[in-house]
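Participant: Input model.pdb, format and content: PDB, C-alpha atoms.
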```
MODEL        1
ATOM      1  CA  MET G   1      85.221 139.950  99.749
ATOM      2  CA  ALA G   2      86.241 136.563 101.121
ATOM      3  CA  ILE G   3      87.890 134.094  98.762
ATOM      4  CA  ILE G   4      86.194 130.707  99.076
ATOM      5  CA  LYS G   5      87.350 127.465  97.518
ATOM      6  CA  VAL G   6      85.535 124.135  97.600
ATOM      7  CA  ILE G   7      87.278 120.752  97.668
ATOM      8  CA  ILE G   8      85.222 117.762  96.531
ATOM      9  CA  PRO G   9      86.800 114.298  96.849
ATOM     10  CA  ALA G  10      85.170 112.047  94.251
ATOM     11  CA  TYR G  11      85.470 108.396  93.348
ATOM     12  CA  ASN G  12      83.216 107.255  90.489
ATOM     13  CA  GLU G  13      80.633 109.998  90.943
ATOM     14  CA  ALA G  14      79.909 110.543  87.233
ATOM     15  CA  ASP G  15      76.141 110.524  87.760
ATOM     16  CA  SER G  16      76.164 113.105  90.545
ATOM     17  CA  ILE G  17      79.190 115.374  90.268
ATOM     18  CA  SER G  18      77.633 117.809  87.767
ATOM     19  CA  LYS G  19      74.579 118.252  89.995
ATOM     20  CA  VAL G  20      76.826 119.016  92.981
ATOM     21  CA  ILE G  21      78.871 121.580  91.051
ATOM     22  CA  HIS G  22      75.836 123.311  89.543
ATOM     23  CA  ASP G  23      74.189 123.738  92.946
ATOM     24  CA  ILE G  24      77.203 125.417  94.569
ATOM     25  CA  PRO G  25      76.521 129.177  95.028
ATOM     26  CA  ASN G  26      78.417 131.487  92.673
ATOM     27  CA  ILE G  27      80.090 133.254  95.602
ATOM     28  CA  VAL G  28      82.672 130.452  95.452
ATOM     29  CA  ASP G  29      85.942 131.398  93.773
ATOM     30  CA  GLU G  30      86.907 127.897  92.621
ATOM     31  CA  ILE G  31      85.531 124.370  92.796
ATOM     32  CA  ILE G  32      88.211 121.701  92.982
ATOM     33  CA  VAL G  33      87.180 118.124  92.271
ATOM     34  CA  VAL G  34      89.772 115.543  93.229
ATOM     35  CA  SER G  35      89.172 112.331  91.343
ATOM     36  CA  ASN G  36      90.329 109.541  93.616
ATOM     37  CA  ASN G  37      91.328 107.147  90.846
ATOM     38  CA  SER G  38      87.883 107.197  89.237
ATOM     39  CA  THR G  39      87.237 104.753  86.412
ATOM     40  CA  ASP G  40      84.064 106.360  85.040
ATOM     41  CA  ASN G  41      83.356 109.820  83.573
ATOM     42  CA  THR G  42      83.710 111.713  86.855
ATOM     43  CA  GLU G  43      86.656 113.774  85.621
ATOM     44  CA  GLU G  44      85.138 114.671  82.259
ATOM     45  CA  ASN G  45      81.772 115.583  83.777
ATOM     46  CA  ALA G  46      83.398 117.718  86.456
ATOM     47  CA  LYS G  47      85.444 119.622  83.869
ATOM     48  CA  GLN G  48      82.382 120.240  81.704
ATOM     49  CA  ALA G  49      80.558 121.580  84.754
ATOM     50  CA  GLY G  50      83.337 124.136  85.292
ATOM     51  CA  ALA G  51      85.447 122.601  88.056
ATOM     52  CA  THR G  52      89.201 122.361  88.347
ATOM     53  CA  VAL G  53      89.952 118.634  88.225
ATOM     54  CA  LEU G  54      92.866 116.976  89.995
ATOM     55  CA  ILE G  55      93.740 113.279  90.047
ATOM     56  CA  GLU G  56      94.851 111.424  93.176
ATOM     57  CA  LYS G  57      95.699 107.810  92.436
ATOM     58  CA  ASN G  58      96.148 106.791  96.076
ATOM     59  CA  LYS G  59      92.767 105.540  97.254
ATOM     60  CA  GLY G  60      91.445 107.291 100.335
ATOM     61  CA  TYR G  61      89.241 110.217 101.323
ATOM     62  CA  GLY G  62      92.094 111.902 103.160
ATOM     63  CA  TYR G  63      94.463 111.442 100.232
ATOM     64  CA  ALA G  64      91.982 113.262  97.996
ATOM     65  CA  CYS G  65      91.471 116.129 100.438
ATOM     66  CA  LEU G  66      95.213 116.543 100.923
ATOM     67  CA  LYS G  67      95.687 116.648  97.140
ATOM     68  CA  GLY G  68      93.265 119.553  96.955
ATOM     69  CA  MET G  69      95.058 121.333  99.783
ATOM     70  CA  ASP G  70      98.427 120.829  98.106
ATOM     71  CA  TYR G  71      97.072 122.428  94.931
ATOM     72  CA  ILE G  72      95.781 125.422  96.881
ATOM     73  CA  SER G  73      99.095 125.831  98.719
ATOM     74  CA  LYS G  74     100.809 126.529  95.383
ATOM     75  CA  LEU G  75      98.424 129.280  94.287
ATOM     76  CA  ASN G  76      99.623 132.872  94.389
ATOM     77  CA  THR G  77      96.440 134.067  96.071
ATOM     78  CA  LYS G  78      95.361 132.009  99.051
ATOM     79  CA  PRO G  79      91.717 131.582 100.042
ATOM     80  CA  ASP G  80      90.099 132.769 103.255
ATOM     81  CA  ILE G  81      87.770 129.794 103.609
ATOM     82  CA  ILE G  82      87.876 126.173 102.477
ATOM     83  CA  VAL G  83      84.662 124.190 102.161
ATOM     84  CA  PHE G  84      84.703 120.392 101.964
ATOM     85  CA  LEU G  85      81.777 118.707 100.265
ATOM     86  CA  ASP G  86      81.047 115.180  99.047
ATOM     87  CA  GLY G  87      80.506 114.446  95.383
ATOM     88  CA  ASP G  88      77.535 112.085  95.758
ATOM     89  CA  TYR G  89      74.807 114.767  95.972
ATOM     90  CA  SER G  90      73.723 113.668  99.459
ATOM     91  CA  ASP G  91      74.384 117.158 100.799
ATOM     92  CA  TYR G  92      72.610 120.292  99.580
ATOM     93  CA  PRO G  93      75.412 122.444  98.115
ATOM     94  CA  GLU G  94      73.213 125.564  98.158
ATOM     95  CA  GLN G  95      73.468 125.491 101.964
ATOM     96  CA  LEU G  96      77.108 126.517 101.642
ATOM     97  CA  THR G  97      76.052 130.110 102.307
ATOM     98  CA  GLU G  98      74.617 129.050 105.666
ATOM     99  CA  LEU G  99      77.795 127.170 106.505
ATOM    100  CA  ILE G 100      80.148 130.085 105.913
ATOM    101  CA  THR G 101      77.966 132.755 107.554
ATOM    102  CA  PRO G 102      79.282 132.167 111.116
ATOM    103  CA  ILE G 103      82.845 132.489 109.785
ATOM    104  CA  LEU G 104      82.142 135.695 107.914
ATOM    105  CA  GLU G 105      79.877 137.383 110.435
ATOM    106  CA  GLU G 106      81.042 136.023 113.804
ATOM    107  CA  ASN G 107      84.675 135.111 113.096
ATOM    108  CA  ILE G 108      84.041 131.430 113.958
ATOM    109  CA  ASP G 109      86.978 129.221 112.943
ATOM    110  CA  PHE G 110      85.176 126.044 111.899
ATOM    111  CA  VAL G 111      81.619 125.100 110.943
ATOM    112  CA  VAL G 112      80.273 121.602 110.359
ATOM    113  CA  GLY G 113      76.959 120.733 108.782
ATOM    114  CA  ALA G 114      75.021 118.565 111.230
ATOM    115  CA  ARG G 115      72.744 116.062 109.517
ATOM    116  CA  MET G 116      69.819 116.357 111.920
ATOM    117  CA  LYS G 117      67.410 113.422 111.941
ATOM    118  CA  ASN G 118      64.388 115.598 111.163
ATOM    119  CA  LEU G 119      66.178 117.001 108.085
ATOM    120  CA  ARG G 120      67.367 113.672 106.683
ATOM    121  CA  GLU G 121      65.658 111.606 104.033
ATOM    122  CA  LYS G 122      64.712 108.150 105.193
ATOM    123  CA  GLY G 123      67.557 105.748 104.516
ATOM    124  CA  SER G 124      70.100 108.472 103.782
ATOM    125  CA  MET G 125      72.277 107.370 106.695
ATOM    126  CA  THR G 126      72.973 103.727 107.406
ATOM    127  CA  ILE G 127      72.909 102.142 110.858
ATOM    128  CA  PRO G 128      76.754 101.918 110.929
ATOM    129  CA  GLN G 129      76.926 105.642 110.069
ATOM    130  CA  GLU G 130      74.485 106.579 112.800
ATOM    131  CA  PHE G 131      76.262 104.411 115.348
ATOM    132  CA  GLY G 132      79.688 105.737 114.353
ATOM    133  CA  ASN G 133      78.488 109.322 114.704
ATOM    134  CA  TRP G 134      76.916 108.613 118.078
ATOM    135  CA  LEU G 135      80.012 106.830 119.381
ATOM    136  CA  ALA G 136      82.490 109.433 118.141
ATOM    137  CA  THR G 137      80.547 112.468 119.328
ATOM    138  CA  SER G 138      79.785 110.819 122.680
ATOM    139  CA  LEU G 139      83.480 110.134 123.246
ATOM    140  CA  MET G 140      84.387 113.682 122.205
ATOM    141  CA  ARG G 141      81.821 114.970 124.670
ATOM    142  CA  LEU G 142      83.269 112.742 127.400
ATOM    143  CA  PHE G 143      86.946 113.498 126.827
ATOM    144  CA  PHE G 144      86.831 117.053 125.464
ATOM    145  CA  LYS G 145      83.481 118.461 126.637
ATOM    146  CA  SER G 146      82.631 118.875 122.971
ATOM    147  CA  THR G 147      79.193 119.868 121.694
ATOM    148  CA  PHE G 148      79.600 118.167 118.304
ATOM    149  CA  THR G 149      76.716 115.898 117.302
ATOM    150  CA  ASP G 150      77.930 114.845 113.843
ATOM    151  CA  LEU G 151      81.015 114.083 111.752
ATOM    152  CA  GLY G 152      79.333 115.545 108.696
ATOM    153  CA  PRO G 153      81.488 115.814 105.556
ATOM    154  CA  PHE G 154      79.961 119.194 104.593
ATOM    155  CA  ARG G 155      82.191 121.617 106.490
ATOM    156  CA  ALA G 156      83.848 125.019 106.257
ATOM    157  CA  ILE G 157      87.051 126.181 107.895
ATOM    158  CA  LYS G 158      89.271 129.247 107.748
ATOM    159  CA  TYR G 159      92.248 128.425 105.567
ATOM    160  CA  SER G 160      94.715 129.597 108.215
ATOM    161  CA  ASN G 161      93.161 127.231 110.771
ATOM    162  CA  LEU G 162      93.174 124.361 108.308
ATOM    163  CA  LEU G 163      96.918 124.794 107.869
ATOM    164  CA  GLU G 164      97.426 124.957 111.617
ATOM    165  CA  VAL G 165      95.646 121.680 112.371
ATOM    166  CA  ASN G 166      98.121 119.902 110.068
ATOM    167  CA  MET G 167      95.839 117.205 108.711
ATOM    168  CA  LEU G 168      97.449 113.778 108.400
ATOM    169  CA  ASP G 169      94.852 111.044 107.941
ATOM    170  CA  LYS G 170      94.811 109.553 104.460
ATOM    171  CA  THR G 171      91.634 107.485 104.601
ATOM    172  CA  TYR G 172      88.554 107.129 106.782
ATOM    173  CA  GLY G 173      89.619 109.221 109.767
ATOM    174  CA  TRP G 174      89.777 112.608 108.041
ATOM    175  CA  THR G 175      86.597 114.136 109.464
ATOM    176  CA  VAL G 176      87.103 113.046 113.058
ATOM    177  CA  GLU G 177      90.783 114.043 112.991
ATOM    178  CA  MET G 178      89.861 117.566 111.944
ATOM    179  CA  GLN G 179      87.250 117.932 114.681
ATOM    180  CA  LEU G 180      89.552 116.555 117.361
ATOM    181  CA  LYS G 181      92.304 118.963 116.374
ATOM    182  CA  ILE G 182      89.827 121.840 116.433
ATOM    183  CA  LEU G 183      88.988 120.860 120.012
ATOM    184  CA  LYS G 184      92.618 120.369 121.085
ATOM    185  CA  ARG G 185      93.592 123.801 119.788
ATOM    186  CA  HIS G 186      90.533 125.443 121.327
ATOM    187  CA  PHE G 187      89.401 126.893 118.022
ATOM    188  CA  SER G 188      85.874 128.263 117.925
ATOM    189  CA  TYR G 189      83.343 126.050 116.181
ATOM    190  CA  ARG G 190      79.686 125.866 115.332
ATOM    191  CA  GLU G 191      77.255 123.271 114.010
ATOM    192  CA  ILE G 192      74.668 124.286 111.422
ATOM    193  CA  PRO G 193      71.708 121.940 110.795
ATOM    194  CA  VAL G 194      71.774 120.767 107.184
ATOM    195  CA  LYS G 195      69.486 118.681 105.026
ATOM    196  CA  TYR G 196      70.665 115.276 103.834
ATOM    197  CA  ARG G 197      69.292 113.028 101.101
ATOM    198  CA  ASN G 198      69.953 109.583  99.718
ATOM    199  CA  ARG G 199      73.143 109.678  97.768
ATOM    200  CA  ILE G 200      73.411 108.880  94.059
ATOM    201  CA  GLY G 201      75.227 105.567  93.723
ATOM    202  CA  VAL G 202      76.659 103.302  96.429
ATOM    203  CA  SER G 203      78.701 104.573  99.362
ATOM    204  CA  LYS G 204      82.344 103.491  99.305
ATOM    205  CA  VAL G 205      82.453 103.533 103.112
ATOM    206  CA  SER G 206      79.092 102.884 104.750
ATOM    207  CA  GLY G 207      77.884 100.845 101.782
ATOM    208  CA  THR G 208      80.360  98.038 102.473
ATOM    209  CA  ILE G 209      81.077  95.987 105.594
ATOM    210  CA  LYS G 210      84.822  96.516 105.147
ATOM    211  CA  GLY G 211      84.390 100.274 104.791
ATOM    212  CA  ALA G 212      82.171 100.531 107.865
ATOM    213  CA  ILE G 213      84.606  98.489 109.992
ATOM    214  CA  PHE G 214      87.687 100.442 108.924
ATOM    215  CA  ALA G 215      85.914 103.770 109.346
ATOM    216  CA  GLY G 216      84.934 102.775 112.881
ATOM    217  CA  MET G 217      88.487 101.704 113.700
ATOM    218  CA  LYS G 218      89.910 104.973 112.411
ATOM    219  CA  ILE G 219      87.422 107.010 114.435
ATOM    220  CA  LEU G 220      88.379 105.181 117.629
ATOM    221  CA  TYR G 221      92.102 105.441 116.817
ATOM    222  CA  TRP G 222      92.030 109.235 116.496
ATOM    223  CA  ILE G 223      89.817 109.771 119.531
ATOM    224  CA  PHE G 224      91.954 107.670 121.873
ATOM    225  CA  LYS G 225      95.172 109.059 120.415
ATOM    226  CA  TYR G 226      94.096 112.625 121.217
ATOM    227  CA  SER G 227      92.432 111.753 124.508
ATOM    228  CA  PHE G 228      95.777 110.764 125.993
ATOM    229  CA  LYS G 229      98.009 113.146 124.067
ATOM    230  CA  LYS G 230      99.189 116.194 125.988
TER
ENDMDL
END
```
For the structure just supplied, provide its representation as structure tokens.
Facilitator:
Amino acid sequence: MAIIKVIIPAYNEADSISKVIHDIPNIVDEIIVVSNNSTDNTEENAKQAGATVLIEKNKGYGYACLKGMDYISKLNTKPDIIVFLDGDYSDYPEQLTELITPILEENIDFVVGARMKNLREKGSMTIPQEFGNWLATSLMRLFFKSTFTDLGPFRAIKYSNLLEVNMLDKTYGWTVEMQLKILKRHFSYREIPVKYRNRIGVSKVSGTIKGAIFAGMKILYWIFKYSFKK
């Protein structure tokens, strides 16, 4: 049976983190919540819900994800699949089984949950988010003949492939970096339509002008870096 671990970056998600953890299917071996310098009860609530809790004091989505990966790298038994999931309850954690099915049954390397418009709650994605997704996926289609339609944070990847892509981004560019490296290495990938709801709390990226601008800059940086890199 495949060993599956979930990494959840979380910054001040005290009101939502327990809901996320409770909705994750019990086929998961371990849920790892990485508190990204939270100042509320995120860590306590995550522990009470049964998660392994790590603390990453450097602010940044990528920093938190890399902290979770570093923890996993030191375990005696390595997982087969890593699932990344946000801690704000905007995704539907129970759809994890759908996300990992192509990996288990078809040997696909990477699966991303695509937040299709007809499956999204009204207002769950901001205009900057929608534009950023459109721009990034359009450029990936242009430069790499990609079929990606979303940079969704709910994603599953074989652990061996995750190590091979050698993730580097510490902040806003994490998702697009992973997808670009999947394309550059010609790994197999699949998109699975997923539901998406209004998050609990305020987004740290799309909910601020600064966050939206920096996220957009990081997306463009990674795309143009890999478009001209041999």
Participant: Which of these residues is nearest to Ser90 of chain G, using all atoms listed in the file: G:Glu44, G:Glu121, G:Glu56, G:Asp150?
Facilitator: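 So, comparing all the options, the nearest one is G:Glu121.
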Participant: Ranking G:Thr101, G:Asn161, G:Thr147, G:Thr137 by minimum distance to Asp80 of chain G and counting all atoms listed in the file, which one comes first?
Facilitator: G:Asn161
Participant: Can you work out which one of G:Glu191, G:Asp109, G:Asp29, G:Glu43 has the shortest atom-to-atom distance to Ser16 of chain G, counting all atoms listed in the file?
Facilitator: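 When distances to Ser16 of chain G are compared using all atoms listed in the file, the smallest one comes from G:Glu43.
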Participant: As a check of understanding, name the residues that the PyMOL selection byres ((chain G and resi 153) around 7) selects in the supplied structure, as JSON, numbers by chain.
Facilitator: {"G": [84, 85, 86, 151, 152, 154, 155, 175]}
Participant: Which one is closest to Glu130 of chain G: G:Ile182, G:Val176, G:Arg115, G:Lys158? Count all atoms listed in the file.
Facilitator: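 Checking each of G:Ile182, G:Val176, G:Arg115, G:Lys158 against Glu130 of chain G, counting all atoms listed in the file, the winner is G:Arg115.
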Participant: Written as a PyMOL selection string, which residues does the PyMOL selection byres ((chain G and resi 60) around 6) give for the file shown?
Facilitator: chain G and resi 59+61-63+170-171
Participant: Would you list the contacts of Asn41 of chain G as a list in words, taking every protein, DNA or RNA residue within 10 Å and counting only C-alpha atoms, but skipping same-chain residues closer than 2 positions in sequence?
Facilitator: Asn12, Glu13, Ala14, Asp15, Ile17, Ser38, Thr39, Glu43, Glu44, Asn45 and Ala46 of chain G
Participant: Using all atoms listed in the file, which protein or nucleic acid residues come within 12 Å of Phe187 of chain G? Drop anything in the same chain fewer than 4 positions from it, and give the result as a ChimeraX atom specification.
Facilitator: /G:103,107-111,146,157-158,160-162,164-165,178-183
Participant: Under the rule that only C-alpha atoms are counted, which of G:Leu104, G:Leu220, G:Ala64, G:Ile21 is the nearest residue to Asn133 of chain G?
Facilitator: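 When distances to Asn133 of chain G are compared using only C-alpha atoms, the smallest one comes from G:Leu220.
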Participant: Using all atoms listed in the file, which of G:Ile100, G:Leu119, G:Met1, G:Met167 sits nearest Asn198 of chain G?
Facilitator: G:Leu119
Participant: If you measure from atom CA of Asn76 of chain G to atom CA of Ile24 of chain G, what distance in Å do you get, rounded to one decimal?
Facilitator: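 Calculated distance between atom CA of Asn76 of chain G and atom CA of Ile24 of chain G is 23.6 Å.
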Participant: State, in Å with one decimal place, the distance from atom CA of Tyr189 of chain G to atom CA of Phe148 of chain G.
Facilitator: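 Distance between the two atoms: 9.0 Å.
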Participant: Kindly resolve the PyMOL selection byres ((chain G and resi 30) around 10) on the present coordinates and return the residues as number ranges by chain.
Facilitator: G: 3-7, 26-29, 31-33, 50-52, 79
Participant: Just how far from atom CA of Leu135 of chain G is atom CA of Tyr89 of chain G, in Å to one decimal?
Facilitator: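 Value for the atom CA of Tyr89 of chain G-atom CA of Leu135 of chain G distance: 25.3 Å.
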Participant: Step by step: start from the point (70.3, 108.5, 111.7) in the file's coordinates, keep every protein, DNA or RNA residue that has an atom no farther than 12 Å from it, count all atoms listed in the file, and write the set as a list in words.
Facilitator: Ala114, Arg115, Met116, Lys117, Asn118, Leu119, Arg120, Glu121, Lys122, Gly123, Ser124, Met125, Thr126, Ile127, Pro128, Gln129, Glu130, Phe131, Gly132, Asn133, Trp134, Thr149, Asp150, Gly152, Tyr196 and Arg197 of chain G
